[in-house]
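A.B. asks: Coordinates in input-v7.cif, mmCIF, C-alpha atoms, are listed below.
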```cif
data_structure
loop_
_atom_site.label_atom_id
_atom_site.label_comp_id
_atom_site.auth_asym_id
_atom_site.auth_seq_id
_atom_site.Cartn_x
_atom_site.Cartn_y
_atom_site.Cartn_z
CA LEU A 20 50.59 52.27 -12.64
CA GLY A 21 48.07 53.93 -10.32
CA THR A 22 47.17 57.62 -10.45
CA PHE A 23 49.56 59.30 -12.85
CA GLU A 24 51.76 61.77 -10.99
CA ASP A 25 53.23 64.81 -12.73
CA ARG A 26 54.11 67.02 -9.76
CA ALA A 27 57.69 67.54 -8.60
CA THR A 28 59.15 65.01 -6.18
CA LEU A 29 62.52 65.11 -4.48
CA ALA A 30 64.15 63.05 -7.23
CA VAL A 31 62.15 64.05 -10.33
CA VAL A 32 61.16 67.68 -10.81
CA HIS A 33 60.40 67.80 -14.54
CA ARG A 34 58.62 65.10 -16.52
CA ALA A 35 57.40 66.95 -19.63
CA LEU A 36 60.26 66.13 -21.99
CA PRO A 37 60.35 66.26 -25.81
CA VAL A 38 59.10 63.01 -27.33
CA PRO A 39 61.55 61.32 -29.74
CA ALA A 40 60.44 59.91 -33.08
CA PHE A 41 58.81 56.50 -32.57
CA THR A 42 56.62 53.92 -34.25
CA VAL A 43 53.90 51.73 -32.76
CA ARG A 44 52.94 48.24 -33.83
CA GLU A 45 50.07 46.31 -32.22
CA THR A 46 48.87 42.74 -32.48
CA ASP A 47 46.21 40.98 -30.49
CA ARG A 48 48.79 40.08 -27.85
CA TYR A 49 51.60 42.64 -27.96
CA LEU A 50 52.27 46.37 -28.09
CA THR A 51 55.67 47.27 -29.57
CA ILE A 52 57.13 50.79 -29.48
CA SER A 53 60.33 51.42 -31.42
CA THR A 54 62.73 54.36 -31.54
CA GLN A 55 66.03 54.70 -33.34
CA ARG A 56 67.84 53.09 -30.40
CA LEU A 57 65.29 51.06 -28.40
CA VAL A 58 62.45 48.58 -28.81
CA LEU A 59 59.91 48.15 -25.99
CA GLU A 60 57.57 45.16 -26.06
CA TYR A 61 54.61 44.75 -23.70
CA ALA A 62 52.14 41.87 -23.39
CA LYS A 63 48.85 43.76 -23.52
CA GLY A 64 46.58 43.69 -20.51
CA LYS A 65 49.08 41.84 -18.34
CA PRO A 66 50.64 43.05 -15.08
CA PHE A 67 54.26 44.05 -15.43
CA ARG A 68 56.51 41.00 -15.01
CA ARG A 69 59.75 39.74 -16.49
CA ASP A 70 57.79 37.90 -19.18
CA THR A 71 55.46 40.80 -20.06
CA LEU A 72 57.71 43.88 -20.37
CA LEU A 73 61.00 43.90 -22.29
CA VAL A 74 63.37 46.56 -23.65
CA VAL A 75 66.16 45.72 -26.11
CA GLY A 76 68.55 47.79 -28.18
CA THR A 77 68.28 48.19 -31.92
CA ALA A 78 71.07 47.51 -34.40
CA ALA A 79 72.20 51.09 -33.74
CA HIS A 80 72.48 50.43 -29.99
CA THR A 81 74.29 47.14 -29.52
CA ASP A 82 75.95 48.00 -26.18
CA LEU A 83 72.63 47.64 -24.35
CA GLN A 84 71.88 44.25 -22.83
CA PRO A 85 68.16 43.31 -22.74
CA TRP A 86 66.18 44.54 -19.76
CA THR A 87 63.06 42.90 -18.34
CA PHE A 88 60.77 44.29 -15.68
CA GLY A 89 61.94 43.56 -12.14
CA GLN A 90 65.39 42.43 -13.27
CA GLN A 91 68.19 43.08 -10.80
CA SER A 92 71.29 44.68 -12.24
CA ARG A 93 74.56 42.82 -11.76
CA GLY A 94 76.64 45.45 -13.50
CA ASN A 95 75.48 48.64 -11.78
CA LEU A 96 78.46 50.90 -11.19
CA LEU A 97 76.94 51.95 -7.86
CA GLY A 98 75.97 55.23 -6.31
CA THR A 99 76.69 56.32 -2.77
CA ILE A 100 75.44 56.47 0.82
CA ARG A 101 74.62 59.29 3.21
CA THR A 102 77.71 59.02 5.40
CA LEU A 103 80.93 57.12 5.90
CA ASP A 104 81.10 58.02 9.60
CA GLY A 105 81.72 54.96 11.73
CA PHE A 106 83.05 52.78 8.92
CA ASP A 107 86.54 51.83 7.83
CA ALA A 108 85.14 50.38 4.59
CA VAL A 109 81.57 49.84 3.42
CA SER A 110 80.02 48.37 0.29
CA LEU A 111 78.09 50.72 -1.99
CA ASN A 112 76.08 47.75 -3.20
CA CYS A 113 72.65 48.62 -1.83
CA THR A 114 71.73 44.97 -1.30
CA GLN A 115 74.67 44.70 1.10
CA SER A 116 74.71 48.17 2.64
CA PRO A 117 74.23 47.90 6.42
CA HIS A 118 72.73 50.25 8.97
CA ILE A 119 74.89 52.17 11.36
CA PRO A 120 74.44 50.01 14.48
CA ASP A 121 71.57 51.29 16.67
CA PHE A 122 71.46 54.49 14.66
CA GLU A 123 69.97 54.86 11.19
CA PRO A 124 69.83 53.58 7.62
CA LEU A 125 72.53 54.70 5.22
CA HIS A 126 70.03 55.69 2.50
CA CYS A 127 71.97 53.82 -0.16
CA ALA A 128 71.22 54.83 -3.76
CA TRP A 129 72.04 52.85 -6.91
CA GLY A 130 73.96 54.52 -9.70
CA LEU A 131 72.48 55.52 -13.05
CA ILE A 132 75.07 53.72 -15.18
CA SER A 133 75.89 50.05 -15.59
CA THR A 134 78.14 47.72 -17.55
CA GLU A 135 74.90 46.10 -18.76
CA GLY A 136 73.92 49.38 -20.38
CA TRP A 137 70.81 50.03 -18.27
CA ALA A 138 69.86 51.27 -14.81
CA VAL A 139 66.50 51.89 -13.14
CA LEU A 140 65.31 54.79 -11.00
CA GLU A 141 62.09 54.14 -9.04
CA ASP A 142 60.24 57.30 -7.93
CA HIS A 143 57.31 55.63 -6.18
CA GLY A 144 56.58 56.89 -2.67
CA ARG A 145 58.75 60.02 -2.74
CA PRO A 146 57.39 63.24 -1.18
CA ILE A 147 55.72 65.74 -3.51
CA MET A 148 56.17 69.51 -3.35
CA ASP A 149 52.94 71.14 -2.19
CA SER A 150 51.30 74.52 -2.78
CA VAL A 151 53.62 76.30 -0.33
CA GLN A 152 56.67 74.95 -2.16
CA TRP A 153 57.62 72.43 0.48
CA PHE A 154 57.55 68.65 0.65
CA SER A 155 54.28 67.57 2.18
CA PRO A 156 54.01 65.05 5.04
CA VAL A 157 50.91 63.58 3.38
CA LEU A 158 51.43 64.11 -0.35
CA ARG A 159 53.39 61.22 -1.84
CA ASN A 160 53.88 59.82 -5.32
CA LEU A 161 51.18 57.16 -5.09
CA ASP A 162 51.88 55.54 -8.43
CA GLN A 163 52.23 51.82 -7.79
CA ILE A 164 55.12 51.94 -10.25
CA ASP A 165 56.90 55.11 -11.37
CA MET A 166 60.00 53.81 -13.07
CA TYR A 167 62.65 55.49 -15.19
CA LEU A 168 64.84 53.22 -17.32
CA PHE A 169 68.23 54.66 -18.27
CA ALA A 170 69.01 52.52 -21.31
CA HIS A 171 72.07 54.40 -22.52
CA GLY A 172 74.43 51.50 -23.12
CA ARG A 173 77.99 52.68 -22.51
CA ASP A 174 77.16 56.33 -23.14
CA TYR A 175 77.52 57.10 -19.47
CA ARG A 176 77.84 60.85 -19.87
CA GLN A 177 74.55 61.01 -21.72
CA ALA A 178 72.86 58.97 -19.00
CA LEU A 179 73.93 61.47 -16.36
CA ARG A 180 73.05 64.39 -18.63
CA ASP A 181 69.59 62.95 -19.24
CA TYR A 182 68.97 62.56 -15.52
CA THR A 183 69.45 66.31 -15.12
CA GLN A 184 66.62 66.75 -17.65
CA ILE A 185 64.17 65.18 -15.21
CA GLY A 186 66.02 65.64 -11.92
CA GLY A 187 67.03 69.27 -12.38
CA GLN A 188 70.19 71.01 -13.43
CA ILE A 189 73.42 71.15 -11.43
CA PRO A 190 73.84 74.79 -10.37
CA LEU A 191 76.87 76.96 -10.94
CA LEU A 192 78.78 77.53 -7.71
CA PRO A 193 80.11 80.83 -6.44
CA ARG A 194 83.68 81.37 -7.54
CA TYR A 195 85.13 81.10 -4.04
CA ALA A 196 83.87 77.50 -3.76
CA SER A 197 86.64 76.47 -6.16
CA GLY A 198 89.30 77.85 -3.83
CA SER A 199 91.10 76.56 -0.75
CA MET A 200 89.01 75.93 2.38
CA PHE A 201 90.16 75.39 5.96
CA THR A 202 88.32 73.88 8.91
CA ARG A 203 89.22 71.88 11.99
CA TRP A 204 87.22 70.36 14.85
CA TYR A 205 88.96 72.24 17.61
CA ALA A 206 87.98 74.90 20.15
CA PHE A 207 89.42 77.80 18.15
CA ASP A 208 89.02 81.22 19.68
CA ALA A 209 89.31 84.51 17.82
CA GLY A 210 93.09 84.63 18.33
CA ASP A 211 93.49 81.09 16.94
CA VAL A 212 91.53 82.07 13.84
CA ARG A 213 93.79 85.06 13.21
CA ARG A 214 96.95 83.03 13.78
CA THR A 215 95.76 80.29 11.41
CA VAL A 216 95.02 82.75 8.62
CA ASP A 217 98.30 84.60 9.20
CA THR A 218 100.19 81.28 9.05
CA PHE A 219 98.74 80.56 5.61
CA ALA A 220 99.75 84.05 4.45
CA SER A 221 103.28 83.77 5.88
CA MET A 222 103.82 80.56 3.92
CA ALA A 223 102.32 82.04 0.72
CA LEU A 224 99.57 79.38 0.80
CA PRO A 225 96.25 80.39 -0.75
CA LEU A 226 93.22 80.46 1.53
CA ASP A 227 89.79 81.46 0.30
CA VAL A 228 87.33 80.14 2.89
CA PHE A 229 87.46 79.74 6.66
CA ILE A 230 84.83 77.33 8.04
CA PHE A 231 84.00 77.29 11.76
CA ASP A 232 83.42 73.75 13.00
CA MET A 233 80.78 73.15 15.66
CA ASN A 234 82.79 74.72 18.49
CA TRP A 235 81.78 78.17 17.22
CA HIS A 236 78.47 77.92 19.08
CA THR A 237 77.44 77.47 22.70
CA LYS A 238 77.91 74.01 24.19
CA ASN A 239 74.52 73.44 25.85
CA ALA A 240 73.77 70.76 23.26
CA TRP A 241 75.09 69.26 20.04
CA THR A 242 72.77 71.68 18.21
CA GLY A 243 73.58 75.37 18.51
CA TYR A 244 72.73 78.64 16.78
CA THR A 245 74.42 81.16 19.11
CA TRP A 246 78.06 82.26 19.18
CA ASP A 247 80.10 81.03 22.15
CA ARG A 248 81.15 84.40 23.60
CA ARG A 249 83.87 82.79 25.71
CA LEU A 250 85.72 82.00 22.48
CA PHE A 251 84.42 84.87 20.35
CA PRO A 252 83.56 87.89 22.54
CA ASP A 253 82.89 89.96 19.41
CA PRO A 254 81.76 87.68 16.53
CA SER A 255 81.29 90.61 14.14
CA ALA A 256 84.88 91.70 14.71
CA ILE A 257 86.41 88.36 13.71
CA GLN A 258 84.08 88.18 10.71
CA ARG A 259 85.11 91.70 9.61
CA TRP A 260 88.76 90.73 10.05
CA LEU A 261 88.32 87.65 7.84
CA LYS A 262 86.30 89.50 5.19
CA ALA A 263 88.90 92.30 5.08
CA ARG A 264 91.41 89.65 4.02
CA GLY A 265 89.19 88.46 1.21
CA LEU A 266 87.95 85.28 2.93
CA ARG A 267 84.43 83.90 2.84
CA THR A 268 83.11 82.12 5.91
CA GLY A 269 80.81 79.23 6.79
CA ALA A 270 79.90 77.33 9.94
CA ASN A 271 78.84 73.86 11.00
CA LEU A 272 75.24 73.10 11.98
CA HIS A 273 73.58 70.07 13.59
CA ASP A 274 69.86 70.87 13.47
CA ALA A 275 68.39 67.76 15.07
CA GLN A 276 67.70 69.12 18.58
CA GLY A 277 65.66 72.08 17.42
CA VAL A 278 65.75 75.60 18.83
CA ASN A 279 66.25 75.63 22.60
CA PRO A 280 65.45 78.36 25.14
CA TRP A 281 69.09 79.40 25.58
CA GLU A 282 69.50 80.44 21.94
CA ALA A 283 69.80 84.14 21.20
CA GLN A 284 66.77 84.06 18.90
CA ALA A 285 64.63 81.63 20.95
CA VAL A 286 61.95 84.21 21.86
CA ALA A 287 61.70 85.45 18.27
CA MET A 288 61.51 81.86 16.98
CA ALA A 289 58.69 81.04 19.40
CA ARG A 290 56.82 84.13 18.26
CA ALA A 291 57.28 83.25 14.58
CA THR A 292 56.10 79.66 14.99
CA GLY A 293 53.44 80.12 17.68
CA ALA A 294 55.36 77.84 20.05
CA PRO A 295 55.13 78.33 23.84
CA PRO A 296 57.90 80.71 24.97
CA GLY A 297 60.61 79.34 27.22
CA ARG A 298 60.41 75.79 25.86
CA ALA A 299 62.43 73.85 23.32
CA ILE A 300 60.97 74.04 19.81
CA PRO A 301 61.50 70.59 18.26
CA LEU A 302 62.82 70.25 14.74
CA ASP A 303 60.02 69.63 12.23
CA LEU A 304 61.42 68.95 8.78
CA LEU A 305 58.01 68.73 7.14
CA ASN A 306 56.73 72.05 8.52
CA ALA A 307 57.50 74.89 6.11
CA THR A 308 56.58 77.54 8.70
CA TYR A 309 59.09 76.16 11.21
CA LEU A 310 61.86 75.80 8.65
CA ARG A 311 61.52 79.25 7.12
CA ALA A 312 61.44 80.78 10.59
CA LEU A 313 64.62 78.85 11.38
CA GLU A 314 66.28 80.32 8.30
CA ASP A 315 64.96 83.88 8.54
CA VAL A 316 64.67 84.42 12.29
CA VAL A 317 67.46 82.27 13.76
CA LEU A 318 70.13 82.04 11.05
CA ARG A 319 69.64 85.20 8.99
CA PRO A 320 71.08 87.47 11.75
CA LEU A 321 74.26 85.36 11.59
CA GLU A 322 74.66 85.87 7.82
CA GLY A 323 75.46 88.84 5.59
CA PRO A 324 78.45 91.11 4.95
CA THR A 325 79.82 90.61 8.47
CA GLY A 326 78.48 87.08 8.91
CA MET A 327 78.36 83.63 7.37
CA ASP A 328 78.29 83.18 3.60
CA PHE A 329 77.04 79.60 3.76
CA TRP A 330 76.27 76.73 6.15
CA TRP A 331 77.83 73.30 6.60
CA ILE A 332 74.88 70.95 7.21
CA ASP A 333 76.47 68.18 9.23
CA TRP A 334 73.50 65.86 9.79
CA GLN A 335 74.30 62.81 11.95
CA GLN A 336 71.11 62.37 13.96
CA GLY A 337 69.07 59.62 12.36
CA GLN A 338 65.47 60.31 11.42
CA GLN A 339 64.71 63.07 13.94
CA GLY A 340 62.20 65.62 12.75
CA LEU A 341 60.54 63.13 10.40
CA PRO A 342 57.95 60.35 10.54
CA GLY A 343 59.53 56.91 10.54
CA ASP A 344 59.17 56.24 6.83
CA GLY A 345 62.80 56.01 5.76
CA LEU A 346 63.05 59.46 4.16
CA ASN A 347 66.56 60.89 4.24
CA PRO A 348 66.39 64.06 6.40
CA THR A 349 69.53 65.49 4.80
CA ILE A 350 67.98 66.35 1.45
CA LEU A 351 65.25 68.45 3.06
CA LEU A 352 67.80 70.66 4.82
CA ASN A 353 69.91 70.76 1.67
CA HIS A 354 66.94 71.88 -0.41
CA LEU A 355 66.00 74.48 2.20
CA ARG A 356 69.40 76.17 2.44
CA ALA A 357 70.36 75.84 -1.21
CA THR A 358 67.17 77.68 -2.22
CA ASP A 359 67.02 80.35 0.51
CA HIS A 360 68.63 82.90 -1.82
CA THR A 361 65.95 82.29 -4.47
CA ARG A 362 63.12 82.60 -1.96
CA ARG A 363 64.66 85.82 -0.65
CA LYS A 364 65.23 87.10 -4.22
CA GLN A 365 68.97 87.53 -3.63
CA ASN A 366 71.06 87.92 -6.76
CA GLU A 367 73.82 85.47 -5.84
CA ARG A 368 74.81 81.85 -6.28
CA ALA A 369 74.05 79.47 -3.46
CA LEU A 370 76.46 77.17 -1.66
CA ILE A 371 76.03 74.60 1.07
CA LEU A 372 78.42 71.97 2.37
CA SER A 373 76.53 68.78 3.11
CA ARG A 374 76.26 65.03 3.12
CA TRP A 375 74.50 63.02 0.42
CA GLY A 376 70.74 63.42 0.60
CA GLY A 377 69.57 60.88 -1.97
CA MET A 378 68.48 61.12 -5.60
CA GLY A 379 67.93 64.77 -6.49
CA ASN A 380 70.69 65.98 -4.16
CA HIS A 381 72.82 67.00 -7.16
CA ARG A 382 70.75 70.21 -7.24
CA TYR A 383 72.22 71.24 -3.87
CA GLN A 384 75.98 71.65 -4.06
CA VAL A 385 78.48 70.75 -2.67
CA GLY A 386 78.89 67.43 -0.91
CA PHE A 387 81.55 66.24 1.50
#
```
Please express what this file holds, its structure, as C-alpha cells.
C.D. replies:
Amino acid sequence: LGTFEDRATLAVVHRALPVPAFTVRETDRYLTISTQRLVLEYAKGKPFRRDTLLVVGTAAHTDLQPWTFGQQSRGNLLGTIRTLDGFDAVSLNCTQSPHIPDFEPLHCAWGLISTEGWAVLEDHGRPIMDSVQWFSPVLRNLDQIDMYLFAHGRDYRQALRDYTQIGGQIPLLPRYASGSMFTRWYAFDAGDVRRTVDTFASMALPLDVFIFDMNWHTKNAWTGYTWDRRLFPDPSAIQRWLKARGLRTGANLHDAQGVNPWEAQAVAMARATGAPPGRAIPLDLLNATYLRALEDVVLRPLEGPTGMDFWWIDWQQGQQGLPGDGLNPTILLNHLRATDHTRRKQNERALILSRWGGMGNHRYQVGF
C-alpha cells in the first residue's frame, strides 16, 4: 500500500520476477488469485486485516498452514542477531531479543522458513539506493506495507533460493577464504608474526590467512587506520614476508570514531572531503563522498600486493554515524567494502569478515 516502490533497498534489490501461471476469479465481495500451489483471497476494498486477506495451499501444497494478514508465526525457525558479544546465551526470538544494556539494539531478524510453512519479510521503511549508488538518508521505502510472503511449506531450500531472487545472489568467495585463518587479540609485533607462521609450518599445519587484530594500528583510539610503528617498524616488510609464504592478509577495523588528525592520511582525507584540516572527521555512514574517500584515500594505501587483501569489519559502536532510526550500521560498511572491487573495476572476488548486518547481508560474505 502507498506509493509503489521498485527501487533497490538494502533487503530487496530485484522485484521484476517472472510471473507464474495464475487464474483470477472475482465476485462482488472477493478477489481470488490461484496458482498451482497457492490460493490468495482478498475482501475487495477493505484494509488488510486477518479477516480480509488469506493465503492457503492447494491440494498440491498441503504442507502450508493457512496464513492471514498480520498473523504472528509460532513456528518460525528464527534468524540471527548482529552480535553475541556480552551474552552467555540469548534468544533469537525477535519478540524476546533484548538490547545490550546501555548500548544498542541487536537488530534481530526473523528467519525465512517455518514449521508452519510460511514466513514474512517486511521491506517497509528500508533505505533506498540513490543516483550515486549509495543508500540515501532521505530516500526510504514509503510503502505503508511492502510484504513478501514465503509460502514454501517444508521446501526450505527453495525458500532460501527464492529469497536470493529478490535479495541478490550469494557471491563466490576467493579460494583462500576456504582455507585456514589465524588471528589473536594480542600485541603481536613483527617477530611474533614470523614465529607464529613458522610454528604452523614446523608442525605441518596448513595456514592460508593471517589476520591482524586491532593491535596492528596506533593506540590513540579504538579506531585506527595507521600502522603502529613500535610493533611494525616496516609494515611492507612483514607483508612481503607473509605473501612470500603464500599467505593472504587482513586486518581488524573499528570505524566508529572517524578519521582523526593523527592518522597518516588525515590531511589527504580532509582534502578529499572538504573537512577542516587538523580536526577529527566524524564517521558519516550516509555520505557517499566520505565513505569512498575513506576507502580510496585512507585504506587503499594499506592494500595491494604488499598490503591487506581484505578487512575485518568489527563494528561494536552502536548507531554512531547514523540518524537514530534503528538502521543497522554494519550492513552499510559491509556493502561498501564488499563492492569496492566492482567500483574500482578490479577483476577479483571480494571478501570481508563481518558481523550480521540484517536482511540483505548475505550478499556480503563472510560473517563471523
A.B. asks: Quick one: residues within 8 Å of A:Asp82, all atoms listed in the file, excluding same-chain residues fewer than 3 positions away - as a ChimeraX atom specification?
C.D. replies: /A:76,135-136,172-173
A.B. asks: Decode the PyMOL selection byres ((chain A and resi 168) around 7) for the given file into explicit residues and return them as a CSV table (one decimal) with C-alpha atoms, in the frame of the given file.
C.D. replies:
```
chain,number,residue,atom,x,y,z
A,137,TRP,CA,70.8,50.0,-18.3
A,138,ALA,CA,69.9,51.3,-14.8
A,139,VAL,CA,66.5,51.9,-13.1
A,140,LEU,CA,65.3,54.8,-11.0
A,166,MET,CA,60.0,53.8,-13.1
A,167,TYR,CA,62.6,55.5,-15.2
A,169,PHE,CA,68.2,54.7,-18.3
A,170,ALA,CA,69.0,52.5,-21.3
```
A.B. asks: Once the PyMOL selection byres ((chain A and resi 198) around 9) has been applied to the shown file, what residues remain in the selection, as a ChimeraX atom specification?
C.D. replies: /A:194-197,199-200,225-228
A.B. asks: Write the residues of the preceding selection, restricted to C-alpha atoms, as a tab-separated table (two decimals), in the coordinates of the input.
C.D. replies:
```
chain	number	residue	atom	x	y	z
A	194	ARG	CA	83.68	81.37	-7.54
A	195	TYR	CA	85.13	81.10	-4.04
A	196	ALA	CA	83.87	77.50	-3.76
A	197	SER	CA	86.64	76.47	-6.16
A	199	SER	CA	91.10	76.56	-0.75
A	200	MET	CA	89.01	75.93	2.38
A	225	PRO	CA	96.25	80.39	-0.75
A	226	LEU	CA	93.22	80.46	1.53
A	227	ASP	CA	89.79	81.46	0.30
A	228	VAL	CA	87.33	80.14	2.89
```
A.B. asks: Quick one: residues within 6 Å of A:Ile371, all atoms listed in the file, excluding same-chain residues fewer than 4 positions away - as a ChimeraX atom specification?
C.D. replies: /A:329-331,384-385
A.B. asks: Let me know the residues the PyMOL selection byres ((chain A and resi 189-192) around 12) catches in the file above, as a PDB file with C-alpha atoms, in the coordinates of the input.
C.D. replies:
```pdb
ATOM      1  CA  LEU A 179      73.930  61.470 -16.360  1.00  0.00           C
ATOM      2  CA  ARG A 180      73.050  64.390 -18.630  1.00  0.00           C
ATOM      3  CA  ASP A 181      69.590  62.950 -19.240  1.00  0.00           C
ATOM      4  CA  TYR A 182      68.970  62.560 -15.520  1.00  0.00           C
ATOM      5  CA  THR A 183      69.450  66.310 -15.120  1.00  0.00           C
ATOM      6  CA  GLN A 184      66.620  66.750 -17.650  1.00  0.00           C
ATOM      7  CA  ILE A 185      64.170  65.180 -15.210  1.00  0.00           C
ATOM      8  CA  GLY A 186      66.020  65.640 -11.920  1.00  0.00           C
ATOM      9  CA  GLY A 187      67.030  69.270 -12.380  1.00  0.00           C
ATOM     10  CA  GLN A 188      70.190  71.010 -13.430  1.00  0.00           C
ATOM     11  CA  PRO A 193      80.110  80.830  -6.440  1.00  0.00           C
ATOM     12  CA  ARG A 194      83.680  81.370  -7.540  1.00  0.00           C
ATOM     13  CA  TYR A 195      85.130  81.100  -4.040  1.00  0.00           C
ATOM     14  CA  ALA A 196      83.870  77.500  -3.760  1.00  0.00           C
ATOM     15  CA  SER A 197      86.640  76.470  -6.160  1.00  0.00           C
ATOM     16  CA  GLY A 198      89.300  77.850  -3.830  1.00  0.00           C
ATOM     17  CA  PHE A 329      77.040  79.600   3.760  1.00  0.00           C
ATOM     18  CA  ALA A 357      70.360  75.840  -1.210  1.00  0.00           C
ATOM     19  CA  THR A 358      67.170  77.680  -2.220  1.00  0.00           C
ATOM     20  CA  GLU A 367      73.820  85.470  -5.840  1.00  0.00           C
ATOM     21  CA  ARG A 368      74.810  81.850  -6.280  1.00  0.00           C
ATOM     22  CA  ALA A 369      74.050  79.470  -3.460  1.00  0.00           C
ATOM     23  CA  LEU A 370      76.460  77.170  -1.660  1.00  0.00           C
ATOM     24  CA  ILE A 371      76.030  74.600   1.070  1.00  0.00           C
ATOM     25  CA  LEU A 372      78.420  71.970   2.370  1.00  0.00           C
ATOM     26  CA  GLY A 379      67.930  64.770  -6.490  1.00  0.00           C
ATOM     27  CA  ASN A 380      70.690  65.980  -4.160  1.00  0.00           C
ATOM     28  CA  HIS A 381      72.820  67.000  -7.160  1.00  0.00           C
ATOM     29  CA  ARG A 382      70.750  70.210  -7.240  1.00  0.00           C
ATOM     30  CA  TYR A 383      72.220  71.240  -3.870  1.00  0.00           C
ATOM     31  CA  GLN A 384      75.980  71.650  -4.060  1.00  0.00           C
ATOM     32  CA  VAL A 385      78.480  70.750  -2.670  1.00  0.00           C
TER      33      VAL A 385
END
```
A.B. asks: What's the 12 Å shell around stretch 245-258 of chain A, counting all atoms listed in the file, without same-chain residues fewer than 6 positions away, as JSON, numbers by chain?
C.D. replies: {"A": [205, 206, 207, 208, 209, 210, 211, 212, 213, 214, 216, 228, 229, 230, 231, 232, 233, 234, 235, 236, 237, 238, 239, 264, 265, 266, 267, 268, 269, 270, 271, 272, 278, 279, 280, 281, 282, 283, 284, 285, 317, 318, 319, 320, 321, 322, 323, 324, 325, 326, 327, 328]}
A.B. asks: Output the selection as a PDB file, in the coordinates of the input - C-alpha atoms for each residue.
C.D. replies:
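Produced file out35.pdb, reproduced below:
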```
ATOM      1  CA  TYR A 205      88.960  72.240  17.610  1.00  0.00           C
ATOM      2  CA  ALA A 206      87.980  74.900  20.150  1.00  0.00           C
ATOM      3  CA  PHE A 207      89.420  77.800  18.150  1.00  0.00           C
ATOM      4  CA  ASP A 208      89.020  81.220  19.680  1.00  0.00           C
ATOM      5  CA  ALA A 209      89.310  84.510  17.820  1.00  0.00           C
ATOM      6  CA  GLY A 210      93.090  84.630  18.330  1.00  0.00           C
ATOM      7  CA  ASP A 211      93.490  81.090  16.940  1.00  0.00           C
ATOM      8  CA  VAL A 212      91.530  82.070  13.840  1.00  0.00           C
ATOM      9  CA  ARG A 213      93.790  85.060  13.210  1.00  0.00           C
ATOM     10  CA  ARG A 214      96.950  83.030  13.780  1.00  0.00           C
ATOM     11  CA  VAL A 216      95.020  82.750   8.620  1.00  0.00           C
ATOM     12  CA  VAL A 228      87.330  80.140   2.890  1.00  0.00           C
ATOM     13  CA  PHE A 229      87.460  79.740   6.660  1.00  0.00           C
ATOM     14  CA  ILE A 230      84.830  77.330   8.040  1.00  0.00           C
ATOM     15  CA  PHE A 231      84.000  77.290  11.760  1.00  0.00           C
ATOM     16  CA  ASP A 232      83.420  73.750  13.000  1.00  0.00           C
ATOM     17  CA  MET A 233      80.780  73.150  15.660  1.00  0.00           C
ATOM     18  CA  ASN A 234      82.790  74.720  18.490  1.00  0.00           C
ATOM     19  CA  TRP A 235      81.780  78.170  17.220  1.00  0.00           C
ATOM     20  CA  HIS A 236      78.470  77.920  19.080  1.00  0.00           C
ATOM     21  CA  THR A 237      77.440  77.470  22.700  1.00  0.00           C
ATOM     22  CA  LYS A 238      77.910  74.010  24.190  1.00  0.00           C
ATOM     23  CA  ASN A 239      74.520  73.440  25.850  1.00  0.00           C
ATOM     24  CA  ARG A 264      91.410  89.650   4.020  1.00  0.00           C
ATOM     25  CA  GLY A 265      89.190  88.460   1.210  1.00  0.00           C
ATOM     26  CA  LEU A 266      87.950  85.280   2.930  1.00  0.00           C
ATOM     27  CA  ARG A 267      84.430  83.900   2.840  1.00  0.00           C
ATOM     28  CA  THR A 268      83.110  82.120   5.910  1.00  0.00           C
ATOM     29  CA  GLY A 269      80.810  79.230   6.790  1.00  0.00           C
ATOM     30  CA  ALA A 270      79.900  77.330   9.940  1.00  0.00           C
ATOM     31  CA  ASN A 271      78.840  73.860  11.000  1.00  0.00           C
ATOM     32  CA  LEU A 272      75.240  73.100  11.980  1.00  0.00           C
ATOM     33  CA  VAL A 278      65.750  75.600  18.830  1.00  0.00           C
ATOM     34  CA  ASN A 279      66.250  75.630  22.600  1.00  0.00           C
ATOM     35  CA  PRO A 280      65.450  78.360  25.140  1.00  0.00           C
ATOM     36  CA  TRP A 281      69.090  79.400  25.580  1.00  0.00           C
ATOM     37  CA  GLU A 282      69.500  80.440  21.940  1.00  0.00           C
ATOM     38  CA  ALA A 283      69.800  84.140  21.200  1.00  0.00           C
ATOM     39  CA  GLN A 284      66.770  84.060  18.900  1.00  0.00           C
ATOM     40  CA  ALA A 285      64.630  81.630  20.950  1.00  0.00           C
ATOM     41  CA  VAL A 317      67.460  82.270  13.760  1.00  0.00           C
ATOM     42  CA  LEU A 318      70.130  82.040  11.050  1.00  0.00           C
ATOM     43  CA  ARG A 319      69.640  85.200   8.990  1.00  0.00           C
ATOM     44  CA  PRO A 320      71.080  87.470  11.750  1.00  0.00           C
ATOM     45  CA  LEU A 321      74.260  85.360  11.590  1.00  0.00           C
ATOM     46  CA  GLU A 322      74.660  85.870   7.820  1.00  0.00           C
ATOM     47  CA  GLY A 323      75.460  88.840   5.590  1.00  0.00           C
ATOM     48  CA  PRO A 324      78.450  91.110   4.950  1.00  0.00           C
ATOM     49  CA  THR A 325      79.820  90.610   8.470  1.00  0.00           C
ATOM     50  CA  GLY A 326      78.480  87.080   8.910  1.00  0.00           C
ATOM     51  CA  MET A 327      78.360  83.630   7.370  1.00  0.00           C
ATOM     52  CA  ASP A 328      78.290  83.180   3.600  1.00  0.00           C
TER      53      ASP A 328
END
```
A.B. asks: Name all residues at most 8 Å from A:Leu29 (count all atoms listed in the file; drop same-chain ones fewer than 6 positions away) and give them as a list in words.
C.D. replies: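 Result of the neighbour search: Arg145, Pro146, Ile147, Met148, Phe154, Met378 and Gly379 of chain A.
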A.B. asks: Smallest atom-to-atom distance to A:Thr102: which of A:Thr54, A:Gln365, A:Thr349, A:Thr242, using only C-alpha atoms?
C.D. replies: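 Smallest separation from A:Thr102 among the options: A:Thr349.
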A.B. asks: Nearest residue to A:Ser53 out of A:Ala294, A:Thr77, A:Leu72, A:Ala240, using only C-alpha atoms?
C.D. replies: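 Under the stated criterion, the closest residue is A:Thr77.
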